[in-house]
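These notes concern the structure reproduced below.
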Amino acid sequence: MKKKIQNIIENFGLPRIIIFLFLVLLFILTPFVGIRFDTSINDVIVRFGMNGILVLSLIPMVKTGCGLNFGLQLGIIAGILGAVTSIEMNTTGFTGFFTAIGIAFFFAIVFGFLYGLLLNKVKGDEMVVATYVGFSSVSFMSIMWLMLPFKSPNMIWAYGGSGLRTTINTKGYWFHVLTDFLQIKIGHYIIFPTGTILFFALLTFLVWAFFRTKIGAAMIVVGSNADYANSCGVNVDKMRSISVILSTVIAAIGIIVYQESFGFIQLYTAPLFMAFPAVAALLLGGATVGKASIKNVIIGVFLFQSILTMTPSVVSNIIKSDMSETIRIILSNGMIVYALTRITRVRT
Amino acid sequence: MNPGVRFLINYAVPIIFIILVAFAIPLSGLSGEYFIRELTIRLSRNSFLILALLIPVMAGMGMNFGIVLGAMAGEIGLVFITDWRIIGMPGMLLAMLISTPIAVLLGYFAGIILNRAKGREMVTGFMLAFFMNGIYQLFVLYGMGNIIPISNSSILLPRGYGIRNSISLLGIRQVLDKLIPLKIGDILIPVATFLVIATLCVFIIWFRKTKLGQDMRTVGQDNEVARVSGINVERTRVLSIVISTVLACYGQILFLQNIGTMNTYQSHEQVGVFAIAALLVGGASVAKANIPNVFIGVILFHTMFVVSPRAGKALMGQAQLGEYFRVFVSYGVIAFSLALYAWRKRVEKENERKKIMNYRKSILVK
Amino acid sequence: MRKRIIIRTALVSALILIGIFLYVIGKEHKVLIDNRDISVGDITYSASTTYVVRVDNQEIGVIKKGERNAAIVTGVSHKIVVEEIKSNVLTGEKHEKRFRLKNNESATVNIPAMINNANEWIDKTN
């Protein structure tokens, strides 16, 4: 019996178990600190839908051995470009939403392709390079946001300034198109965002199906052993490129869904650190630097978002101060540090 | 490979930088005297911190983002002396004294974590710095005034606990800089600070020749060879980080003593990125960094820093652009250097493999 | 092995002592200096003329009748020197007193009382 418990602990990792138990504790505490249980659940579900696709986007690259995509920002920028262009074109509702995705798709493929070229040249050190490429591109785009010729009055600075505002409201365009789609109201406080969850499920299914195709399978082989794949005649570089493009595209879609749910498009420095919560969530769900599955995404996003939603409200009520930001920092970054120290992979 | 081409590739970063800067200086319209004054200050202010990066590179740990931890330790020391109202030289020295054990502890912690992430030191160090920032906040924003007694209410937040966002360090402002005053024309030269920096340089040069220094260089070259020679690889790596963290702690105190105010939660955030970017701009790489890299890097990097807002304004009409440009260049330099280094490493490995293959082939043929 | 422990303890103790030393000599104290009337029991010392004040080696400046000024000093032992000045010329009348300030103390010095060598010339508070 003891051996079994030890095994479970080793497999899941002590921190994960601690976090899970902590979460259970929080859930138990909710009624005692005066927070409605159902509003909390609702928050968790909404945030799950908001963030799920971004975390999903990490899967192709991990499976192909490109490591954790710290350069997620590239996909996010593609998504922002799509969103902003769709608003510039004054498209609303579902048309607007899909226009955004369509344009983002195009940008994501271009970015992903270039990004993939770069990563192929730095095999083994992808993560570090990715982090800084991500950061530089966000900074670079900050310059671009100021200069690109956008004209929609809802987006540019008031009083005739040039350049886009820091946050752009999606209300009136395609705010909540997914969330409101087929909404299910349970009781007073739970508004189940069916559309968002359905969309997430759709994309998850597509990813799952993709990895059952020939190309998908080839990518997995590249991920476990690049040399072996090479000897089988698989073009390793090409597979890696495809995975990077795929990750970038999914990330672009992910950020648009995020914006649709959140209500705002955040430009300039906001995307700088967006890679970290996504990576942390994936790792929390059980993934490692070399292995990730859809199961990890679902568990991870659920756990991560729950903690993020529940901790502030519960802790604030107990300690009477808002520690949420600090806790978020410790949790998401701590998780990543832990995962980075777990397995040492010998890479070719 | 043609040695000329090799030189260009190895020093691509500083060369590109020199071109950029040469372009931007006339654009900004700033006078030569302004530059000299600014650069003198920035050299005296930042060099110590960047010198702290050299030792981990020697030991093969790459660019040590853990200097952020050292900076945090230094800041905690400064909070205490501000609370106790210790001023002047004694204040600065006491801050250094108090923060040293904290820096050693943090450095030791960082070293152990980095040891468990061999091959991924830089990413781990980077994430570790973010993580420690959270712990630092826990300590300074919630613990101080609460569990840790602070009597000077002027540095506490209005709610009664937690340190304010910005603390005046007037008591120790420029206390080292002005110790030995020297004025050339209009420019005040912080002689004492430069002496301290020079001492650190001498220390580093001496350290390289000591047994520990040699051990570190061996570890940096090849872990296995070092292990076989009887060197405790893990311990040596941890030690390199500890030394670096302590130096960074002092470096941050020197930095803040020049500025005179401490942004409790922001001052250390960019320390890692800017220091590393400056070092890389000076021609260093993940595997090789020396003292000239530090000074060339500071001069080039900070010139760009000073010039960007003005140049941005002249070029595009918006100074804000210059701000973003600075950040972009800092990150971009690191991304580019890292990519270049990683690429070179692969190319060299490929060449090695080809050599061995050819050798084997030639033996078979015989 | 034993030798190492002894050396290390000695080193740490030395550092702690240095720390305490730095703390004491670097501690900031505020000294207020009044040139005002002060009543002690039945006796009143009144301020009559202007003085130039120096604390330790700091020039505090001129304190006229009824005015107050302040000095920030560090360390334990201090010296205050007041010289009478009339129409911008030193008259030659000079008084000097020494005082010690401990850990968190700050002090208020009253010039009239000081000149008359009263015991209450300095008031220390924590």
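Ligands are numbered from 1 in the order shown, residues from 1 within each chain, and chains are lettered A, B, ... in the order they appear in the structure tokens.
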Determine, counting only C-alpha atoms, which protein, DNA and RNA residues have an atom within 8 Å of an atom of Trp121 of chain C; residues of the same chain fewer than 2 positions away are not included. Present the result as an MDAnalysis selection string.
chainID C and resid 109:114 117:119 123
Which residues, written as a PyMOL selection string, have at least one atom at most 8 Å from Glu96 of chain C, with only C-alpha atoms counted and residues fewer than 4 positions away on the same chain left out?
chain C and resi 79-82
I need the chain A residues near chain B as a list in words; criterion: at most 6 Å, counting only C-alpha atoms.
Lys121, Val122, Val128, Val129, Tyr132, Val133, Ser136, Ser139, Phe140, Ile143, Thr326, Ile329, Ile330, Asn333, Gly334, Val337 and Thr341 of chain A
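Distance annotation: of C:Glu83, C:Glu105, C:Asp42, C:Asp34, the residue with the minimal separation from chain B is C:Glu105; atom set is only C-alpha atoms.
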Counting only C-alpha atoms, what is within 10 Å of Thr204 of chain A, bar same-chain residues fewer than 2 positions away, as a list of chain:residue names?
A:Gly52, A:Ile53, A:Leu56, A:Ser57, A:Leu198, A:Phe199, A:Phe200, A:Ala201, A:Leu202, A:Leu206, A:Val207, A:Trp208, A:Ala209, A:Phe210, A:Ile294, A:Val297, A:Ile298
Residue contacts of Asp215 of chain B (10 Å, only C-alpha atoms) excluding same-chain residues fewer than 6 positions away, as a PyMOL selection string
chain B and resi 58-59+208-209+221+226+229-233+236-237
Among segment 13-179 of chain A, which residues carry a DSSP assignment of strand (DSSP E or B), reported as number ranges by chain?
A: 156, 164, 167-169
Separation of atom CA of Leu22 of chain C and atom CA of Ala10 of chain C, in Å?
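Atom-to-atom, atom CA of Leu22 of chain C to atom CA of Ala10 of chain C, that is 18.2 Å.
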Quick one: which residues from chain C are at most 12 Å off chain B, using only C-alpha atoms, as a count of residues only?
25
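Residues lying within 10 Å of Phe48 of chain B, counting only C-alpha atoms and ignoring same-chain neighbours fewer than 4 positions away, are Leu43, Ser44, Ala52, Leu53, Thr193, Phe194, Val196, Ile197, Ala198, Leu200, Cys201, Leu247, Ala248, Cys249, Tyr250, Gly251, Gln252, Ile253, Leu254, Phe255, Ala275 and Val294 of chain B.
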Okay, now the selection with C-alpha atoms, as an mmCIF file, in the first residue's frame?
```cif
data_model
loop_
_atom_site.group_PDB
_atom_site.id
_atom_site.type_symbol
_atom_site.label_atom_id
_atom_site.label_comp_id
_atom_site.auth_asym_id
_atom_site.auth_seq_id
_atom_site.Cartn_x
_atom_site.Cartn_y
_atom_site.Cartn_z
ATOM 1 C CA LEU B 43 29.720 53.213 -16.219
ATOM 2 C CA SER B 44 30.146 53.825 -12.521
ATOM 3 C CA ALA B 52 28.998 39.825 -11.485
ATOM 4 C CA LEU B 53 27.910 37.915 -14.572
ATOM 5 C CA THR B 193 33.190 53.990 -7.132
ATOM 6 C CA PHE B 194 35.586 53.471 -10.006
ATOM 7 C CA VAL B 196 35.776 49.761 -6.211
ATOM 8 C CA ILE B 197 35.039 48.590 -9.738
ATOM 9 C CA ALA B 198 38.746 48.367 -10.478
ATOM 10 C CA LEU B 200 36.526 43.902 -8.514
ATOM 11 C CA CYS B 201 38.270 43.564 -11.857
ATOM 12 C CA LEU B 247 28.452 40.420 -6.197
ATOM 13 C CA ALA B 248 25.136 41.302 -7.791
ATOM 14 C CA CYS B 249 23.815 42.211 -4.345
ATOM 15 C CA TYR B 250 26.638 44.706 -3.837
ATOM 16 C CA GLY B 251 26.269 45.861 -7.407
ATOM 17 C CA GLN B 252 22.640 46.691 -6.875
ATOM 18 C CA ILE B 253 23.435 48.601 -3.697
ATOM 19 C CA LEU B 254 26.048 50.588 -5.604
ATOM 20 C CA PHE B 255 23.547 51.204 -8.347
ATOM 21 C CA ALA B 275 22.865 43.550 -17.617
ATOM 22 C CA VAL B 294 31.699 44.407 -19.758
#
```
When you look at Ala270 of chain A with a cut-off of 10 Å (counting only C-alpha atoms), what residues show up, excluding the ones that are within fewer than 2 positions of it in the same chain? I need them as a compact mmCIF listing (two decimals) with C-alpha atoms, in the first residue's frame.
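What follows is the written file around_25.txt:
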```
# COMPACT_ATOMS: atom_id res chain seq x y z
CA VAL A 138 6.07 41.97 -28.56
CA SER A 142 4.56 47.84 -29.66
CA THR A 166 -3.60 50.04 -25.25
CA THR A 167 -6.86 48.14 -24.84
CA ILE A 265 -7.99 43.25 -27.01
CA GLN A 266 -4.78 43.97 -25.12
CA LEU A 267 -1.88 45.41 -27.04
CA TYR A 268 1.58 46.73 -26.33
CA LEU A 272 4.78 39.96 -23.00
CA PHE A 273 4.24 37.44 -20.27
CA MET A 274 1.25 35.57 -21.63
```
So how far away is atom CA of Gly290 of chain A from atom CA of Glu234 of chain B, in Å?
24.5 Å
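Here atom CA of Gly143 of chain B is placed at a distance of 27.6 Å from atom CA of Asn258 of chain B.
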List the spatial neighbours of Tyr51 of chain C as JSON, numbers by chain - criterion: any atom at most 8 Å away, only C-alpha atoms, same-chain residues fewer than 5 positions off excluded.
{"C": [62, 63, 64, 82, 83, 84, 85]}
Print the selection's residues with C-alpha atoms to a file, as a PDB file, in the first residue's frame.
```pdb
ATOM      1  CA  VAL C  62      22.457  81.843  12.383  1.00  0.00           C
ATOM      2  CA  ILE C  63      19.621  81.427  14.847  1.00  0.00           C
ATOM      3  CA  LYS C  64      17.911  84.640  15.782  1.00  0.00           C
ATOM      4  CA  VAL C  82      27.368  78.619  19.862  1.00  0.00           C
ATOM      5  CA  GLU C  83      28.942  82.017  19.278  1.00  0.00           C
ATOM      6  CA  GLU C  84      27.178  85.292  19.850  1.00  0.00           C
ATOM      7  CA  ILE C  85      26.946  87.508  16.823  1.00  0.00           C
TER       8      ILE C  85
END
```
